[in-house]
Amino acid sequence: MGTILAQTILDSAATLLQDTGYARWLAPEMLGYLNEGQREAVLVKPSAYVVVGPLVTVAGTKQTLPDDAIALIDVTRNMGTDGATPGRVIRAIGRQLLDNINPNWHAATVSATTKHFVHNALVPKVWYAYPPQPAADRGQVEVAYSASPPDVAAAGDPITLDDAYAPALGYYVLYRAYNRDAEYAGNAQEAARYYSLFMGLLGAKKAGEAELAPAQATAPRDPMNPGSDK
(Lines give C-alpha, C1' and ligand atoms only; values in the text may rest on other atoms or scores of the structure.)
Protein backbone atom coordinates (compact mmCIF):
# COMPACT_ATOMS: atom_id res chain seq x y z
CA MET A 1 0.00 0.00 0.00
CA GLY A 2 1.32 3.41 -0.93
CA THR A 3 1.04 6.67 0.98
CA ILE A 4 0.61 9.06 -1.96
CA LEU A 5 -3.01 10.06 -2.39
CA ALA A 6 -4.69 9.34 -5.71
CA GLN A 7 -5.80 12.98 -5.72
CA THR A 8 -2.19 14.12 -5.87
CA ILE A 9 -1.58 12.12 -9.04
CA LEU A 10 -4.87 13.17 -10.60
CA ASP A 11 -4.32 16.85 -9.87
CA SER A 12 -0.87 16.69 -11.46
CA ALA A 13 -2.33 15.06 -14.58
CA ALA A 14 -5.19 17.58 -14.70
CA THR A 15 -2.68 20.44 -14.58
CA LEU A 16 -0.82 19.05 -17.59
CA LEU A 17 -4.14 18.58 -19.37
CA GLN A 18 -5.03 22.21 -18.54
CA ASP A 19 -8.23 20.93 -16.97
CA THR A 20 -7.75 21.58 -13.25
CA GLY A 21 -11.51 21.95 -12.81
CA TYR A 22 -12.10 18.45 -14.18
CA ALA A 23 -14.53 19.85 -16.75
CA ARG A 24 -13.43 17.90 -19.82
CA TRP A 25 -12.22 14.82 -18.01
CA LEU A 26 -14.44 14.25 -14.98
CA ALA A 27 -12.85 13.31 -11.67
CA PRO A 28 -14.48 9.83 -11.47
CA GLU A 29 -13.29 9.13 -15.00
CA MET A 30 -9.73 10.08 -14.09
CA LEU A 31 -9.83 7.90 -10.97
CA GLY A 32 -10.95 5.03 -13.18
CA TYR A 33 -7.92 5.60 -15.40
CA LEU A 34 -5.65 5.43 -12.36
CA ASN A 35 -7.18 2.12 -11.27
CA GLU A 36 -6.75 0.77 -14.80
CA GLY A 37 -3.11 1.84 -14.62
CA GLN A 38 -2.57 -0.08 -11.39
CA ARG A 39 -3.93 -3.27 -12.93
CA GLU A 40 -1.90 -2.85 -16.11
CA ALA A 41 1.26 -2.18 -14.10
CA VAL A 42 0.86 -5.54 -12.37
CA LEU A 43 0.25 -7.33 -15.66
CA VAL A 44 3.46 -5.83 -17.07
CA LYS A 45 5.44 -6.24 -13.85
CA PRO A 46 3.93 -8.91 -11.57
CA SER A 47 6.03 -7.86 -8.58
CA ALA A 48 4.24 -4.50 -8.49
CA TYR A 49 1.63 -5.98 -6.16
CA VAL A 50 2.51 -9.13 -4.22
CA VAL A 51 0.50 -10.92 -1.55
CA VAL A 52 2.34 -13.12 0.96
CA GLY A 53 0.43 -15.31 3.37
CA PRO A 54 -0.75 -18.79 4.36
CA LEU A 55 -2.69 -20.94 1.92
CA VAL A 56 -4.89 -23.84 2.93
CA THR A 57 -3.96 -26.81 0.74
CA VAL A 58 -6.37 -29.33 -0.73
CA ALA A 59 -5.97 -33.10 -0.83
CA GLY A 60 -3.55 -34.45 -3.41
CA THR A 61 -0.83 -32.68 -5.37
CA LYS A 62 -2.73 -30.13 -7.47
CA GLN A 63 -3.09 -26.77 -5.69
CA THR A 64 -4.73 -23.54 -6.86
CA LEU A 65 -4.12 -19.92 -5.88
CA PRO A 66 -6.89 -17.64 -4.54
CA ASP A 67 -9.26 -15.85 -6.93
CA ASP A 68 -7.38 -12.54 -6.73
CA ALA A 69 -4.12 -14.14 -7.85
CA ILE A 70 -2.49 -13.50 -11.21
CA ALA A 71 0.57 -15.73 -10.95
CA LEU A 72 2.56 -17.71 -8.39
CA ILE A 73 5.89 -16.24 -7.35
CA ASP A 74 7.05 -18.64 -4.63
CA VAL A 75 6.01 -21.27 -2.10
CA THR A 76 8.34 -20.58 0.77
CA ARG A 77 7.64 -22.69 3.86
CA ASN A 78 5.21 -24.92 5.73
CA MET A 79 2.93 -23.18 8.21
CA GLY A 80 1.48 -26.15 10.08
CA THR A 81 -2.14 -27.23 10.08
CA ASP A 82 -3.13 -23.97 11.79
CA GLY A 83 -1.44 -21.65 9.28
CA ALA A 84 0.51 -19.96 12.05
CA THR A 85 3.34 -22.40 12.83
CA PRO A 86 6.42 -21.83 10.64
CA GLY A 87 8.08 -25.07 9.64
CA ARG A 88 10.18 -26.74 6.98
CA VAL A 89 11.24 -24.74 3.92
CA ILE A 90 9.75 -25.73 0.56
CA ARG A 91 12.02 -25.95 -2.46
CA ALA A 92 11.10 -25.57 -6.12
CA ILE A 93 11.82 -28.56 -8.31
CA GLY A 94 11.47 -29.11 -12.04
CA ARG A 95 8.64 -31.36 -13.11
CA GLN A 96 10.84 -33.33 -15.49
CA LEU A 97 13.30 -34.19 -12.71
CA LEU A 98 10.53 -35.33 -10.39
CA ASP A 99 8.80 -37.27 -13.18
CA ASN A 100 12.04 -39.06 -14.04
CA ILE A 101 12.77 -39.98 -10.44
CA ASN A 102 9.26 -41.14 -9.58
CA PRO A 103 6.65 -41.25 -12.36
CA ASN A 104 4.04 -42.06 -9.68
CA TRP A 105 4.77 -39.10 -7.43
CA HIS A 106 1.17 -37.86 -7.69
CA ALA A 107 0.17 -41.08 -5.88
CA ALA A 108 3.04 -41.09 -3.37
CA THR A 109 2.55 -41.49 0.39
CA VAL A 110 0.68 -38.43 1.64
CA SER A 111 2.07 -35.95 4.15
CA ALA A 112 0.86 -32.68 5.64
CA THR A 113 4.42 -31.36 5.24
CA THR A 114 5.27 -30.17 1.75
CA LYS A 115 8.88 -30.65 0.67
CA HIS A 116 8.83 -29.43 -2.94
CA PHE A 117 6.61 -27.56 -5.34
CA VAL A 118 6.30 -27.76 -9.13
CA HIS A 119 5.10 -24.80 -11.16
CA ASN A 120 4.67 -24.06 -14.85
CA ALA A 121 4.70 -20.34 -15.69
CA LEU A 122 2.31 -21.01 -18.57
CA VAL A 123 -0.29 -22.15 -16.01
CA PRO A 124 0.35 -19.32 -13.55
CA LYS A 125 -2.35 -19.98 -10.93
CA VAL A 126 -1.76 -23.72 -10.48
CA TRP A 127 1.09 -25.47 -8.67
CA TYR A 128 1.76 -29.00 -7.42
CA ALA A 129 2.82 -30.09 -3.94
CA TYR A 130 5.14 -32.99 -3.21
CA PRO A 131 4.40 -35.18 -1.38
CA PRO A 132 0.62 -35.16 -1.87
CA GLN A 133 -1.47 -33.63 0.88
CA PRO A 134 -3.72 -35.97 2.92
CA ALA A 135 -7.51 -35.94 2.79
CA ALA A 136 -7.72 -34.74 6.41
CA ASP A 137 -5.49 -32.64 8.67
CA ARG A 138 -3.87 -30.99 5.67
CA GLY A 139 -1.02 -28.56 6.09
CA GLN A 140 -0.96 -24.89 5.20
CA VAL A 141 1.90 -23.28 3.30
CA GLU A 142 3.15 -19.74 2.88
CA VAL A 143 2.86 -18.52 -0.70
CA ALA A 144 3.84 -15.34 -2.48
CA TYR A 145 1.80 -14.44 -5.52
CA SER A 146 1.17 -11.53 -7.81
CA ALA A 147 -2.37 -10.29 -7.31
CA SER A 148 -4.80 -7.90 -8.91
CA PRO A 149 -4.57 -4.69 -6.86
CA PRO A 150 -7.77 -3.48 -5.17
CA ASP A 151 -9.17 -0.31 -6.73
CA VAL A 152 -8.66 3.02 -5.03
CA ALA A 153 -12.22 3.75 -3.89
CA ALA A 154 -11.92 7.54 -3.61
CA ALA A 155 -9.47 10.19 -4.77
CA GLY A 156 -8.69 11.00 -1.14
CA ASP A 157 -7.38 7.48 -0.56
CA PRO A 158 -3.75 6.39 -1.10
CA ILE A 159 -2.82 4.36 -4.15
CA THR A 160 -2.72 0.59 -3.74
CA LEU A 161 0.73 0.13 -5.27
CA ASP A 162 3.92 1.34 -3.68
CA ASP A 163 4.68 5.07 -3.95
CA ALA A 164 7.48 4.25 -6.42
CA TYR A 165 4.79 3.60 -9.03
CA ALA A 166 3.13 7.03 -8.69
CA PRO A 167 4.98 8.62 -11.66
CA ALA A 168 4.10 5.68 -13.91
CA LEU A 169 0.45 5.88 -12.84
CA GLY A 170 0.44 9.59 -13.67
CA TYR A 171 1.69 8.81 -17.17
CA TYR A 172 -1.00 6.16 -17.57
CA VAL A 173 -3.76 8.61 -16.58
CA LEU A 174 -2.46 11.06 -19.19
CA TYR A 175 -2.29 8.30 -21.80
CA ARG A 176 -5.92 7.34 -21.21
CA ALA A 177 -7.10 10.95 -21.16
CA TYR A 178 -5.44 11.79 -24.48
CA ASN A 179 -6.46 8.47 -25.99
CA ARG A 180 -10.11 9.18 -25.27
CA ASP A 181 -9.92 12.23 -27.52
CA ALA A 182 -7.49 10.72 -30.02
CA GLU A 183 -9.45 12.12 -32.96
CA TYR A 184 -8.24 15.63 -32.15
CA ALA A 185 -4.97 16.84 -33.66
CA GLY A 186 -1.93 15.73 -31.74
CA ASN A 187 -3.80 13.76 -29.07
CA ALA A 188 -3.01 10.34 -30.54
CA GLN A 189 0.70 11.20 -30.51
CA GLU A 190 0.48 12.46 -26.94
CA ALA A 191 -1.33 9.29 -25.89
CA ALA A 192 1.39 7.15 -27.48
CA ARG A 193 4.11 9.24 -25.84
CA TYR A 194 2.68 8.92 -22.35
CA TYR A 195 2.06 5.20 -22.73
CA SER A 196 5.67 4.80 -23.80
CA LEU A 197 6.77 6.72 -20.69
CA PHE A 198 4.54 4.49 -18.54
CA MET A 199 6.07 1.32 -19.99
CA GLY A 200 9.56 2.79 -19.80
CA LEU A 201 9.31 3.44 -16.07
CA LEU A 202 8.04 -0.08 -15.42
CA GLY A 203 10.89 -1.49 -17.48
CA ALA A 204 13.46 0.60 -15.63
CA LYS A 205 12.12 -0.53 -12.27
CA LYS A 206 12.19 -4.17 -13.40
CA ALA A 207 15.82 -3.78 -14.47
CA GLY A 208 16.70 -2.16 -11.16
CA GLU A 209 15.14 -4.99 -9.20
CA ALA A 210 17.08 -7.52 -11.25
CA GLU A 211 20.33 -5.77 -10.26
CA LEU A 212 19.41 -5.97 -6.57
CA ALA A 213 18.04 -9.52 -6.56
CA PRO A 214 20.15 -12.02 -4.60
CA ALA A 215 21.66 -14.90 -6.50
CA GLN A 216 19.41 -17.94 -6.43
CA ALA A 217 20.76 -21.45 -5.98
CA THR A 218 19.98 -23.44 -9.10
CA ALA A 219 21.50 -26.84 -8.36
CA PRO A 220 18.77 -29.51 -8.72
CA ARG A 221 18.04 -31.59 -5.64
CA ASP A 222 16.93 -35.20 -5.52
CA PRO A 223 13.65 -35.32 -3.54
CA MET A 224 14.09 -39.06 -3.00
CA ASN A 225 17.52 -38.62 -1.42
CA PRO A 226 17.14 -37.38 2.17
CA GLY A 227 20.66 -36.02 2.19
CA SER A 228 19.92 -33.63 -0.68
CA ASP A 229 17.19 -31.59 1.00
CA LYS A 230 18.08 -31.24 4.64
# chains A, B, ... in the order shown; residues from 1 in each chain; ligands from 1
$ select_by_dssp --residues "stretch 83-193 of chain A" --states "strand (DSSP E)" --output "mmCIF file with all heavy atoms, in the first residue's frame"
data_model
loop_
_atom_site.group_PDB
_atom_site.id
_atom_site.type_symbol
_atom_site.label_atom_id
_atom_site.label_comp_id
_atom_site.auth_asym_id
_atom_site.auth_seq_id
_atom_site.Cartn_x
_atom_site.Cartn_y
_atom_site.Cartn_z
ATOM 1 N N ARG A 91 11.136 -26.260 -1.346
ATOM 2 C CA ARG A 91 12.020 -25.955 -2.462
ATOM 3 C C ARG A 91 11.328 -26.216 -3.789
ATOM 4 O O ARG A 91 10.592 -27.192 -3.941
ATOM 5 C CB ARG A 91 13.304 -26.792 -2.383
ATOM 6 C CG ARG A 91 14.195 -26.448 -1.187
ATOM 7 C CD ARG A 91 15.548 -27.132 -1.353
ATOM 8 N NE ARG A 91 16.476 -26.728 -0.325
ATOM 9 C CZ ARG A 91 16.793 -27.472 0.727
ATOM 10 N NH1 ARG A 91 16.243 -28.653 0.887
ATOM 11 N NH2 ARG A 91 17.659 -27.029 1.617
ATOM 12 N N ALA A 92 11.605 -25.347 -4.765
ATOM 13 C CA ALA A 92 11.104 -25.566 -6.115
ATOM 14 C C ALA A 92 11.873 -26.712 -6.757
ATOM 15 O O ALA A 92 13.070 -26.900 -6.511
ATOM 16 C CB ALA A 92 11.283 -24.298 -6.949
ATOM 17 N N HIS A 116 8.510 -30.054 -1.667
ATOM 18 C CA HIS A 116 8.833 -29.425 -2.942
ATOM 19 C C HIS A 116 7.557 -28.924 -3.606
ATOM 20 O O HIS A 116 6.452 -29.401 -3.309
ATOM 21 C CB HIS A 116 9.522 -30.419 -3.886
ATOM 22 C CG HIS A 116 10.832 -30.939 -3.383
ATOM 23 N ND1 HIS A 116 12.014 -30.261 -3.548
ATOM 24 C CD2 HIS A 116 11.141 -32.071 -2.715
ATOM 25 C CE1 HIS A 116 12.998 -30.947 -3.005
ATOM 26 N NE2 HIS A 116 12.496 -32.056 -2.497
ATOM 27 N N PHE A 117 7.732 -27.971 -4.515
ATOM 28 C CA PHE A 117 6.606 -27.562 -5.342
ATOM 29 C C PHE A 117 7.042 -27.485 -6.795
ATOM 30 O O PHE A 117 8.197 -27.192 -7.106
ATOM 31 C CB PHE A 117 6.006 -26.225 -4.873
ATOM 32 C CG PHE A 117 6.793 -24.993 -5.239
ATOM 33 C CD1 PHE A 117 6.499 -24.267 -6.387
ATOM 34 C CD2 PHE A 117 7.827 -24.541 -4.419
ATOM 35 C CE1 PHE A 117 7.201 -23.120 -6.715
ATOM 36 C CE2 PHE A 117 8.536 -23.398 -4.741
ATOM 37 C CZ PHE A 117 8.224 -22.687 -5.894
ATOM 38 N N VAL A 118 6.088 -27.786 -7.681
ATOM 39 C CA VAL A 118 6.297 -27.759 -9.127
ATOM 40 C C VAL A 118 5.376 -26.706 -9.707
ATOM 41 O O VAL A 118 4.182 -26.652 -9.360
ATOM 42 C CB VAL A 118 5.982 -29.135 -9.754
ATOM 43 C CG1 VAL A 118 6.074 -29.066 -11.274
ATOM 44 C CG2 VAL A 118 6.906 -30.208 -9.202
ATOM 45 N N HIS A 119 5.917 -25.865 -10.579
ATOM 46 C CA HIS A 119 5.099 -24.799 -11.158
ATOM 47 C C HIS A 119 5.487 -24.580 -12.609
ATOM 48 O O HIS A 119 6.674 -24.601 -12.962
ATOM 49 C CB HIS A 119 5.289 -23.490 -10.376
ATOM 50 C CG HIS A 119 4.488 -22.351 -10.909
ATOM 51 N ND1 HIS A 119 5.053 -21.209 -11.441
ATOM 52 C CD2 HIS A 119 3.148 -22.171 -11.007
ATOM 53 C CE1 HIS A 119 4.102 -20.381 -11.826
ATOM 54 N NE2 HIS A 119 2.939 -20.944 -11.584
ATOM 55 N N VAL A 126 -1.744 -22.338 -10.964
ATOM 56 C CA VAL A 126 -1.762 -23.724 -10.479
ATOM 57 C C VAL A 126 -0.341 -24.155 -10.132
ATOM 58 O O VAL A 126 0.606 -23.837 -10.847
ATOM 59 C CB VAL A 126 -2.361 -24.671 -11.541
ATOM 60 C CG1 VAL A 126 -2.241 -26.126 -11.099
ATOM 61 C CG2 VAL A 126 -3.819 -24.314 -11.810
ATOM 62 N N TRP A 127 -0.192 -24.882 -9.017
ATOM 63 C CA TRP A 127 1.088 -25.475 -8.668
ATOM 64 C C TRP A 127 0.829 -26.843 -8.041
ATOM 65 O O TRP A 127 -0.298 -27.172 -7.690
ATOM 66 C CB TRP A 127 1.889 -24.571 -7.721
ATOM 67 C CG TRP A 127 1.226 -24.279 -6.404
ATOM 68 C CD1 TRP A 127 0.248 -23.353 -6.159
ATOM 69 C CD2 TRP A 127 1.494 -24.919 -5.153
ATOM 70 N NE1 TRP A 127 -0.111 -23.382 -4.839
ATOM 71 C CE2 TRP A 127 0.636 -24.329 -4.197
ATOM 72 C CE3 TRP A 127 2.373 -25.922 -4.743
ATOM 73 C CZ2 TRP A 127 0.636 -24.704 -2.855
ATOM 74 C CZ3 TRP A 127 2.372 -26.312 -3.404
ATOM 75 C CH2 TRP A 127 1.516 -25.707 -2.481
ATOM 76 N N TYR A 128 1.899 -27.643 -7.933
ATOM 77 C CA TYR A 128 1.758 -28.998 -7.420
ATOM 78 C C TYR A 128 2.663 -29.205 -6.208
ATOM 79 O O TYR A 128 3.822 -28.772 -6.206
ATOM 80 C CB TYR A 128 2.104 -30.016 -8.512
ATOM 81 C CG TYR A 128 1.096 -30.017 -9.636
ATOM 82 C CD1 TYR A 128 1.217 -29.114 -10.690
ATOM 83 C CD2 TYR A 128 0.017 -30.887 -9.629
ATOM 84 C CE1 TYR A 128 0.280 -29.090 -11.717
ATOM 85 C CE2 TYR A 128 -0.922 -30.879 -10.649
ATOM 86 C CZ TYR A 128 -0.787 -29.972 -11.686
ATOM 87 O OH TYR A 128 -1.722 -29.932 -12.693
ATOM 88 N N ALA A 129 2.095 -29.837 -5.186
ATOM 89 C CA ALA A 129 2.819 -30.090 -3.941
ATOM 90 C C ALA A 129 3.360 -31.513 -3.927
ATOM 91 O O ALA A 129 2.689 -32.455 -4.357
ATOM 92 C CB ALA A 129 1.884 -29.882 -2.750
ATOM 93 N N TYR A 130 4.579 -31.668 -3.436
ATOM 94 C CA TYR A 130 5.144 -32.994 -3.207
ATOM 95 C C TYR A 130 5.673 -33.053 -1.782
ATOM 96 O O TYR A 130 6.419 -32.153 -1.365
ATOM 97 C CB TYR A 130 6.283 -33.303 -4.175
ATOM 98 C CG TYR A 130 6.912 -34.652 -3.856
ATOM 99 C CD1 TYR A 130 6.332 -35.837 -4.307
ATOM 100 C CD2 TYR A 130 8.050 -34.726 -3.058
ATOM 101 C CE1 TYR A 130 6.878 -37.059 -3.960
ATOM 102 C CE2 TYR A 130 8.597 -35.957 -2.711
ATOM 103 C CZ TYR A 130 8.012 -37.113 -3.163
ATOM 104 O OH TYR A 130 8.536 -38.330 -2.815
ATOM 105 N N PRO A 131 5.321 -34.109 -1.020
ATOM 106 C CA PRO A 131 4.396 -35.183 -1.378
ATOM 107 C C PRO A 131 2.943 -34.706 -1.379
ATOM 108 O O PRO A 131 2.655 -33.592 -0.947
ATOM 109 C CB PRO A 131 4.646 -36.215 -0.276
ATOM 110 C CG PRO A 131 5.111 -35.414 0.891
ATOM 111 C CD PRO A 131 5.909 -34.274 0.318
ATOM 112 N N PRO A 132 2.023 -35.568 -1.856
ATOM 113 C CA PRO A 132 0.621 -35.162 -1.873
ATOM 114 C C PRO A 132 0.105 -34.862 -0.467
ATOM 115 O O PRO A 132 0.566 -35.455 0.515
ATOM 116 C CB PRO A 132 -0.093 -36.386 -2.469
ATOM 117 C CG PRO A 132 0.972 -37.163 -3.161
ATOM 118 C CD PRO A 132 2.242 -36.920 -2.405
ATOM 119 N N GLN A 133 -0.835 -33.947 -0.399
ATOM 120 C CA GLN A 133 -1.465 -33.631 0.877
ATOM 121 C C GLN A 133 -2.521 -34.686 1.217
ATOM 122 O O GLN A 133 -3.166 -35.246 0.335
ATOM 123 C CB GLN A 133 -2.125 -32.250 0.806
ATOM 124 C CG GLN A 133 -1.151 -31.092 0.889
ATOM 125 C CD GLN A 133 -0.602 -30.903 2.289
ATOM 126 O OE1 GLN A 133 -1.307 -31.103 3.295
ATOM 127 N NE2 GLN A 133 0.674 -30.523 2.378
ATOM 128 N N GLN A 140 -0.886 -26.170 5.890
ATOM 129 C CA GLN A 140 -0.955 -24.888 5.196
ATOM 130 C C GLN A 140 0.471 -24.482 4.836
ATOM 131 O O GLN A 140 1.432 -24.860 5.508
ATOM 132 C CB GLN A 140 -1.620 -23.819 6.067
ATOM 133 C CG GLN A 140 -3.071 -24.131 6.400
ATOM 134 C CD GLN A 140 -3.786 -22.949 7.043
ATOM 135 O OE1 GLN A 140 -3.606 -21.801 6.627
ATOM 136 N NE2 GLN A 140 -4.607 -23.231 8.043
ATOM 137 N N VAL A 141 0.590 -23.725 3.759
ATOM 138 C CA VAL A 141 1.903 -23.279 3.300
ATOM 139 C C VAL A 141 1.870 -21.773 3.076
ATOM 140 O O VAL A 141 0.809 -21.191 2.847
ATOM 141 C CB VAL A 141 2.317 -23.991 1.994
ATOM 142 C CG1 VAL A 141 2.441 -25.490 2.208
ATOM 143 C CG2 VAL A 141 1.323 -23.688 0.876
ATOM 144 N N GLU A 142 3.036 -21.168 3.176
ATOM 145 C CA GLU A 142 3.150 -19.739 2.881
ATOM 146 C C GLU A 142 3.468 -19.569 1.404
ATOM 147 O O GLU A 142 4.431 -20.154 0.901
ATOM 148 C CB GLU A 142 4.245 -19.098 3.723
ATOM 149 C CG GLU A 142 4.362 -17.589 3.508
ATOM 150 C CD GLU A 142 5.470 -16.982 4.332
ATOM 151 O OE1 GLU A 142 6.651 -17.143 3.951
ATOM 152 O OE2 GLU A 142 5.160 -16.372 5.366
ATOM 153 N N VAL A 143 2.645 -18.775 0.723
ATOM 154 C CA VAL A 143 2.863 -18.516 -0.701
ATOM 155 C C VAL A 143 3.040 -17.023 -0.934
ATOM 156 O O VAL A 143 2.563 -16.186 -0.161
ATOM 157 C CB VAL A 143 1.686 -19.039 -1.558
ATOM 158 C CG1 VAL A 143 1.572 -20.546 -1.463
ATOM 159 C CG2 VAL A 143 0.372 -18.371 -1.157
ATOM 160 N N ALA A 144 3.737 -16.713 -1.995
ATOM 161 C CA ALA A 144 3.844 -15.337 -2.481
ATOM 162 C C ALA A 144 3.317 -15.344 -3.904
ATOM 163 O O ALA A 144 3.755 -16.160 -4.717
ATOM 164 C CB ALA A 144 5.293 -14.855 -2.441
ATOM 165 N N TYR A 145 2.356 -14.477 -4.170
ATOM 166 C CA TYR A 145 1.804 -14.443 -5.520
ATOM 167 C C TYR A 145 1.468 -13.017 -5.935
ATOM 168 O O TYR A 145 1.161 -12.155 -5.106
ATOM 169 C CB TYR A 145 0.562 -15.333 -5.642
ATOM 170 C CG TYR A 145 -0.606 -14.959 -4.749
ATOM 171 C CD1 TYR A 145 -1.589 -14.070 -5.169
ATOM 172 C CD2 TYR A 145 -0.755 -15.526 -3.486
ATOM 173 C CE1 TYR A 145 -2.672 -13.735 -4.364
ATOM 174 C CE2 TYR A 145 -1.828 -15.203 -2.671
ATOM 175 C CZ TYR A 145 -2.780 -14.322 -3.116
ATOM 176 O OH TYR A 145 -3.848 -13.994 -2.307
ATOM 177 N N SER A 146 1.584 -12.809 -7.233
ATOM 178 C CA SER A 146 1.172 -11.533 -7.811
ATOM 179 C C SER A 146 -0.346 -11.501 -7.836
ATOM 180 O O SER A 146 -0.992 -12.481 -8.224
ATOM 181 C CB SER A 146 1.740 -11.427 -9.220
ATOM 182 O OG SER A 146 1.234 -10.281 -9.882
ATOM 183 N N ALA A 147 -0.920 -10.380 -7.413
ATOM 184 C CA ALA A 147 -2.372 -10.288 -7.307
ATOM 185 C C ALA A 147 -2.895 -9.034 -7.988
ATOM 186 O O ALA A 147 -2.167 -8.054 -8.176
ATOM 187 C CB ALA A 147 -2.798 -10.290 -5.839
#
$ residues_around --residues "A:Asp162" --least-positions-apart "6" --cutoff "9 Å" --atoms "only C-alpha atoms" --output "ChimeraX atom specification"
/A:1-4,48-49
$ closest_atom_pairs --of "stretch 38-128 of chain A" --to "stretch 186-201 of chain A" --cutoff "10 Å" --atoms "only C-alpha atoms" --output "CSV"
residue,atom,partner,partner_atom,distance
A:Glu40,CA,A:Met199,CA,9.8
A:Ala41,CA,A:Met199,CA,8.4
A:Val44,CA,A:Met199,CA,8.1
A:Lys45,CA,A:Met199,CA,9.8
$ select_by_dssp --residues "stretch 143-186 of chain A" --states "helix (DSSP H, G or I)" --output "VMD selection string"
chain A and resid 163 to 180
$ write_last_selection --atoms "N, CA and C atoms" --output "tab-separated table (two decimals), in the first residue's frame"
chain	number	residue	atom	x	y	z
A	163	ASP	N	4.51	3.68	-3.48
A	163	ASP	CA	4.68	5.07	-3.95
A	163	ASP	C	5.61	5.17	-5.16
A	164	ALA	N	6.53	4.21	-5.30
A	164	ALA	CA	7.48	4.25	-6.42
A	164	ALA	C	6.77	4.19	-7.77
A	165	TYR	N	5.53	3.72	-7.78
A	165	TYR	CA	4.79	3.60	-9.03
A	165	TYR	C	3.94	4.84	-9.34
A	166	ALA	N	3.96	5.83	-8.47
A	166	ALA	CA	3.13	7.03	-8.69
A	166	ALA	C	3.44	7.73	-10.01
A	167	PRO	N	4.71	7.96	-10.38
A	167	PRO	CA	4.98	8.62	-11.66
A	167	PRO	C	4.43	7.82	-12.84
A	168	ALA	N	4.60	6.51	-12.82
A	168	ALA	CA	4.10	5.68	-13.91
A	168	ALA	C	2.58	5.77	-13.99
A	169	LEU	N	1.91	5.78	-12.85
A	169	LEU	CA	0.45	5.88	-12.84
A	169	LEU	C	-0.01	7.23	-13.40
A	170	GLY	N	0.75	8.28	-13.10
A	170	GLY	CA	0.44	9.59	-13.67
A	170	GLY	C	0.52	9.58	-15.18
A	171	TYR	N	1.56	8.92	-15.71
A	171	TYR	CA	1.69	8.81	-17.17
A	171	TYR	C	0.54	8.01	-17.76
A	172	TYR	N	0.10	6.97	-17.04
A	172	TYR	CA	-1.00	6.16	-17.57
A	172	TYR	C	-2.29	6.96	-17.62
A	173	VAL	N	-2.56	7.77	-16.59
A	173	VAL	CA	-3.76	8.61	-16.58
A	173	VAL	C	-3.74	9.56	-17.78
A	174	LEU	N	-2.58	10.15	-18.05
A	174	LEU	CA	-2.46	11.06	-19.19
A	174	LEU	C	-2.65	10.31	-20.52
A	175	TYR	N	-2.10	9.12	-20.59
A	175	TYR	CA	-2.29	8.30	-21.80
A	175	TYR	C	-3.76	8.05	-22.06
A	176	ARG	N	-4.50	7.65	-21.03
A	176	ARG	CA	-5.92	7.34	-21.21
A	176	ARG	C	-6.73	8.59	-21.53
A	177	ALA	N	-6.37	9.70	-20.91
A	177	ALA	CA	-7.10	10.95	-21.16
A	177	ALA	C	-6.93	11.39	-22.62
A	178	TYR	N	-5.69	11.40	-23.09
A	178	TYR	CA	-5.44	11.79	-24.48
A	178	TYR	C	-6.02	10.77	-25.46
A	179	ASN	N	-5.96	9.50	-25.09
A	179	ASN	CA	-6.46	8.47	-25.99
A	179	ASN	C	-7.97	8.55	-26.17
A	180	ARG	N	-8.66	9.04	-25.15
A	180	ARG	CA	-10.11	9.18	-25.27
A	180	ARG	C	-10.48	10.17	-26.36
$ closest_residue --among "A:Arg138, A:Arg95, A:Arg24, A:Lys125" --to "A:Asn78" --atoms "only C-alpha atoms"
A:Arg138
$ atom_distance --atom1 "atom CA of A:Thr160" --atom2 "atom CA of A:Pro66"
18.7 Å
$ closest_residue --among "A:Leu31, A:Leu17, A:Val89, A:Ile73" --to "A:Val50" --atoms "only C-alpha atoms"
A:Ile73
